[in-house]
$ cat start03.pdb   # PDB, C-alpha atoms, pLDDT in the B column
ATOM      1  CA  MET R 149       0.000   0.000   0.000  1.00 50.00           C
ATOM      2  CA  CYS R 150       2.211   2.862   1.280  1.00 56.00           C
ATOM      3  CA  PRO R 151       5.370   1.322   2.705  1.00 57.00           C
ATOM      4  CA  ASN R 152       7.394   4.540   2.809  1.00 67.00           C
ATOM      5  CA  VAL R 153       5.134   6.872   4.790  1.00 72.00           C
ATOM      6  CA  SER R 154       7.472   9.100   6.767  1.00 71.00           C
ATOM      7  CA  SER R 155       4.998  11.374   8.552  1.00 81.00           C
ATOM      8  CA  VAL R 156       1.831  10.584  10.474  1.00 87.00           C
ATOM      9  CA  ARG R 157       0.395  14.110  10.536  1.00 89.00           C
ATOM     10  CA  SER R 158      -2.608  13.339   8.337  1.00 92.00           C
ATOM     11  CA  LEU R 159      -5.388  10.826   8.947  1.00 92.00           C
ATOM     12  CA  PRO R 160      -4.617   8.878   5.739  1.00 89.00           C
ATOM     13  CA  ALA R 161      -0.958   8.595   6.781  1.00 90.00           C
ATOM     14  CA  GLN R 162      -1.948   7.454  10.274  1.00 92.00           C
ATOM     15  CA  ILE R 163      -4.179   4.754   8.802  1.00 90.00           C
ATOM     16  CA  ALA R 164      -1.496   3.696   6.302  1.00 87.00           C
ATOM     17  CA  VAL R 165       1.060   3.281   9.095  1.00 88.00           C
ATOM     18  CA  ALA R 166      -1.244   1.729  11.713  1.00 88.00           C
ATOM     19  CA  PHE R 167      -2.704  -0.852   9.306  1.00 85.00           C
ATOM     20  CA  ALA R 168       0.338  -1.292   7.038  1.00 82.00           C
ATOM     21  CA  PRO R 169      -0.298  -4.528   5.137  1.00 74.00           C
ATOM     22  CA  GLU R 170       3.425  -5.221   4.810  1.00 73.00           C
ATOM     23  CA  ASP R 171       3.560  -5.354   8.611  1.00 71.00           C
ATOM     24  CA  HIS R 172       1.033  -8.202   8.532  1.00 68.00           C
ATOM     25  CA  LEU R 173       3.555 -10.441   6.778  1.00 68.00           C
ATOM     26  CA  THR R 174       5.173 -12.885   9.162  1.00 67.00           C
ATOM     27  CA  LYS R 175       6.300 -16.471   9.372  1.00 66.00           C
ATOM     28  CA  SER R 176       5.991 -16.391  13.152  1.00 67.00           C
ATOM     29  CA  GLU R 177       3.092 -18.085  14.895  1.00 66.00           C
ATOM     30  CA  THR R 178       3.157 -15.554  17.729  1.00 70.00           C
ATOM     31  CA  GLY R 179       3.923 -12.049  16.464  1.00 69.00           C
ATOM     32  CA  PHE R 180       4.598  -9.489  13.793  1.00 71.00           C
ATOM     33  CA  PRO R 181       8.190  -8.276  13.687  1.00 67.00           C
ATOM     34  CA  GLU R 182       8.648  -4.619  12.891  1.00 64.00           C
ATOM     35  CA  SER R 183      11.747  -4.054  10.839  1.00 69.00           C
ATOM     36  CA  SER R 184      13.183  -1.129  12.759  1.00 78.00           C
ATOM     37  CA  ALA R 185      12.894   1.024  15.853  1.00 84.00           C
ATOM     38  CA  GLU R 186      11.832   3.886  13.568  1.00 84.00           C
ATOM     39  CA  GLN R 187       8.984   1.820  12.126  1.00 82.00           C
ATOM     40  CA  ARG R 188       7.858   0.834  15.631  1.00 84.00           C
ATOM     41  CA  ARG R 189       8.012   4.478  16.782  1.00 89.00           C
ATOM     42  CA  ARG R 190       6.040   5.669  13.743  1.00 89.00           C
ATOM     43  CA  ARG R 191       3.326   3.026  14.327  1.00 89.00           C
ATOM     44  CA  GLN R 192       3.032   4.000  17.999  1.00 92.00           C
ATOM     45  CA  GLU R 193       2.773   7.666  17.016  1.00 95.00           C
ATOM     46  CA  ALA R 194       0.085   6.861  14.434  1.00 94.00           C
ATOM     47  CA  LEU R 195      -1.874   4.854  17.018  1.00 95.00           C
ATOM     48  CA  LYS R 196      -1.591   7.712  19.518  1.00 96.00           C
ATOM     49  CA  HIS R 197      -3.109  10.156  17.013  1.00 96.00           C
ATOM     50  CA  LEU R 198      -5.819   7.683  16.046  1.00 96.00           C
ATOM     51  CA  ARG R 199      -6.738   7.050  19.703  1.00 96.00           C
ATOM     52  CA  HIS R 200      -7.339  10.784  20.049  1.00 96.00           C
ATOM     53  CA  GLU R 201      -9.070  11.463  16.708  1.00 94.00           C
ATOM     54  CA  ARG R 202     -10.595   8.114  15.670  1.00 96.00           C
ATOM     55  CA  PRO R 203     -10.609   5.731  18.668  1.00 97.00           C
ATOM     56  CA  ALA R 204     -12.545   3.030  16.811  1.00 96.00           C
ATOM     57  CA  LEU R 205      -9.856   2.888  14.111  1.00 95.00           C
ATOM     58  CA  ALA R 206      -7.114   2.750  16.752  1.00 96.00           C
ATOM     59  CA  ALA R 207      -8.905  -0.143  18.452  1.00 96.00           C
ATOM     60  CA  ALA R 208      -9.170  -1.925  15.089  1.00 95.00           C
ATOM     61  CA  ALA R 209      -5.454  -1.440  14.385  1.00 92.00           C
ATOM     62  CA  GLU R 210      -4.583  -2.807  17.811  1.00 92.00           C
ATOM     63  CA  LYS R 211      -6.259  -6.128  16.920  1.00 90.00           C
ATOM     64  CA  ARG R 212      -3.018  -7.093  15.141  1.00 83.00           C
ATOM     65  CA  LYS R 213      -1.880  -9.085  18.153  1.00 83.00           C
ATOM     66  CA  PHE R 214      -1.936 -12.746  18.992  1.00 81.00           C
ATOM     67  CA  GLY R 215      -4.228 -13.021  21.985  1.00 84.00           C
ATOM     68  CA  ARG R 216      -4.228 -15.709  24.595  1.00 86.00           C
ATOM     69  CA  GLY R 217      -4.841 -19.095  22.992  1.00 83.00           C
ATOM     70  CA  GLN R 218      -4.411 -17.749  19.441  1.00 79.00           C
ATOM     71  CA  LYS R 219      -0.878 -18.958  18.767  1.00 82.00           C
ATOM     72  CA  GLY R 220      -0.624 -20.449  15.295  1.00 79.00           C
ATOM     73  CA  SER R 221      -3.995 -19.050  14.172  1.00 79.00           C
ATOM     74  CA  THR R 222      -5.084 -16.320  11.795  1.00 79.00           C
ATOM     75  CA  PHE R 223      -7.004 -14.406  14.473  1.00 82.00           C
ATOM     76  CA  PRO R 224      -4.798 -11.262  14.267  1.00 82.00           C
ATOM     77  CA  TRP R 225      -5.539 -10.837  10.558  1.00 81.00           C
ATOM     78  CA  ALA R 226      -9.194 -11.819  10.814  1.00 85.00           C
ATOM     79  CA  ASN R 227      -9.805  -9.622  13.857  1.00 87.00           C
ATOM     80  CA  THR R 228      -8.066  -6.608  12.297  1.00 89.00           C
ATOM     81  CA  ALA R 229      -9.878  -6.890   8.961  1.00 88.00           C
ATOM     82  CA  ALA R 230     -13.257  -7.457  10.627  1.00 90.00           C
ATOM     83  CA  ALA R 231     -12.789  -4.568  13.071  1.00 92.00           C
ATOM     84  CA  MET R 232     -11.760  -2.213  10.275  1.00 91.00           C
ATOM     85  CA  PHE R 233     -14.763  -3.329   8.215  1.00 92.00           C
ATOM     86  CA  ASP R 234     -17.042  -2.654  11.210  1.00 94.00           C
ATOM     87  CA  VAL R 235     -15.663   0.885  11.529  1.00 94.00           C
ATOM     88  CA  VAL R 236     -15.457   2.051   7.905  1.00 91.00           C
ATOM     89  CA  GLY R 237     -17.067  -0.631   5.759  1.00 91.00           C
ATOM     90  CA  THR R 238     -15.478  -2.233   2.741  1.00 88.00           C
ATOM     91  CA  THR R 239     -12.030  -0.859   1.995  1.00 87.00           C
ATOM     92  CA  TRP R 240      -9.102  -2.032  -0.085  1.00 85.00           C
ATOM     93  CA  LEU R 241      -6.994  -2.115   3.080  1.00 85.00           C
ATOM     94  CA  SER R 242      -9.346  -4.347   5.078  1.00 84.00           C
ATOM     95  CA  SER R 243      -9.689  -6.610   2.022  1.00 83.00           C
ATOM     96  CA  GLN R 244      -5.910  -6.837   1.636  1.00 81.00           C
ATOM     97  CA  ILE R 245      -5.500  -7.820   5.305  1.00 81.00           C
ATOM     98  CA  ALA R 246      -8.277 -10.413   4.940  1.00 78.00           C
ATOM     99  CA  ILE R 247      -6.552 -11.861   1.859  1.00 78.00           C
ATOM    100  CA  MET R 248      -3.291 -12.117   3.815  1.00 73.00           C
ATOM    101  CA  CYS R 249      -5.264 -13.938   6.501  1.00 68.00           C
ATOM    102  CA  GLN R 250      -6.544 -16.423   3.953  1.00 68.00           C
ATOM    103  CA  ARG R 251      -3.064 -16.984   2.522  1.00 65.00           C
ATOM    104  CA  SER R 252      -1.463 -17.525   5.937  1.00 66.00           C
ATOM    105  CA  ARG R 253      -0.222 -20.990   6.793  1.00 66.00           C
ATOM    106  CA  ASN R 254      -1.688 -20.643  10.284  1.00 63.00           C
ATOM    107  CA  SER R 255      -4.904 -22.348  11.364  1.00 63.00           C
ATOM    108  CA  PRO R 256      -8.095 -20.475  10.548  1.00 64.00           C
ATOM    109  CA  GLY R 257      -8.996 -18.018  13.281  1.00 63.00           C
ATOM    110  CA  LEU R 258     -12.723 -17.810  13.552  1.00 61.00           C
ATOM    111  CA  THR R 259     -15.406 -18.020  16.125  1.00 55.00           C
ATOM    112  CA  LEU R 260     -18.779 -19.516  15.418  1.00 46.00           C
ATOM    113  CA  SER R 261     -21.741 -18.382  17.408  1.00 49.00           C
TER     114      SER R 261
END

$ encode --input "start03.pdb" --output "structure tokens"
Amino acid sequence: MCPNVSSVRSLPAQIAVAFAPEDHLTKSETGFPESSAEQRRRRQEALKHLRHERPALAAAAEKRKFGRGQKGSTFPWANTAAAMFDVVGTTWLSSQIAIMCQRSRNSPGLTLS
């Protein structure tokens, strides 16, 4: 999407950094490695702005974590894409994250009610 965003002053930049699809690529069953301290700092700054301006989007972006009992599953992708969809509807970004979820080698993360 936008892998070289250097500022998080605008809402589109904050979303691009907080939901960066390239950061959803991992071979780990337990986490998403950020490539540098600068990237980690920029994501935290984007989340801080989103928490203030668009808390629902910040909460959606924070779903990119393996929760308790989710090791080896696709829950982080599925939860992030679903939460983003709930906040803003169909977007290319939520679709891209959902596609990455589908292509993951991890077990399907879903809950049936």

$ closest_residue --input "start03.pdb" --among "R:Gln162, R:Gln187, R:Val153, R:Phe180" --to "Lys213 (chain R)" --atoms "all atoms listed in the file"
R:Phe180

$ resolve_selection --input "start03.pdb" --expression "the PyMOL selection byres ((chain R and resi 205) around 10)" --output "PyMOL selection string"
chain R and resi 162-163+166-167+195+198-199+201-204+206-210+228+231-236

$ residues_near_point --input "start03.pdb" --point "(-2.8, -15.3, 18.9)" --cutoff "9 Å" --atoms "all atoms listed in the file" --output "mmCIF file with C-alpha atoms, keeping the file's coordinate frame"
data_model
loop_
_atom_site.group_PDB
_atom_site.id
_atom_site.type_symbol
_atom_site.label_atom_id
_atom_site.label_comp_id
_atom_site.auth_asym_id
_atom_site.auth_seq_id
_atom_site.Cartn_x
_atom_site.Cartn_y
_atom_site.Cartn_z
ATOM 1 C CA GLU R 177 3.092 -18.085 14.895
ATOM 2 C CA THR R 178 3.157 -15.554 17.729
ATOM 3 C CA GLY R 179 3.923 -12.049 16.464
ATOM 4 C CA LYS R 213 -1.880 -9.085 18.153
ATOM 5 C CA PHE R 214 -1.936 -12.746 18.992
ATOM 6 C CA GLY R 215 -4.228 -13.021 21.985
ATOM 7 C CA ARG R 216 -4.228 -15.709 24.595
ATOM 8 C CA GLY R 217 -4.841 -19.095 22.992
ATOM 9 C CA GLN R 218 -4.411 -17.749 19.441
ATOM 10 C CA LYS R 219 -0.878 -18.958 18.767
ATOM 11 C CA GLY R 220 -0.624 -20.449 15.295
ATOM 12 C CA SER R 221 -3.995 -19.050 14.172
ATOM 13 C CA THR R 222 -5.084 -16.320 11.795
ATOM 14 C CA PHE R 223 -7.004 -14.406 14.473
ATOM 15 C CA PRO R 224 -4.798 -11.262 14.267
ATOM 16 C CA GLY R 257 -8.996 -18.018 13.281
#

$ atom_distance --input "start03.pdb" --atom1 "CA of Glu186 (chain R)" --atom2 "CA of Trp225 (chain R)"
23.0 Å

$ closest_residue --input "start03.pdb" --among "R:Val165, R:Ala226, R:Leu241, R:Met248" --to "Lys196 (chain R)" --atoms "only C-alpha atoms"
R:Val165

$ closest_residue --input "start03.pdb" --among "R:Ala194, R:Asn227, R:His200, R:Arg212" --to "Ala164 (chain R)" --atoms "all atoms listed in the file"
R:Ala194

$ atom_distance --input "start03.pdb" --atom1 "CA of Lys211 (chain R)" --atom2 "CA of Ala229 (chain R)"
8.8 Å

$ atom_distance --input "start03.pdb" --atom1 "CA of Ser158 (chain R)" --atom2 "CA of Arg188 (chain R)"
17.9 Å

$ closest_residue --input "start03.pdb" --among "R:His197, R:Arg189, R:Thr238, R:Ser243" --to "Ser154 (chain R)" --atoms "all atoms listed in the file"
R:Arg189

$ axis_aligned_box --input "start03.pdb" --around "region 209-228 of chain R" --padding-each-side "8 Å" --output "JSON"
{"center_x": -5.2, "center_y": -10.9, "center_z": 17.6, "size_x": 25.2, "size_y": 35.0, "size_z": 30.0}
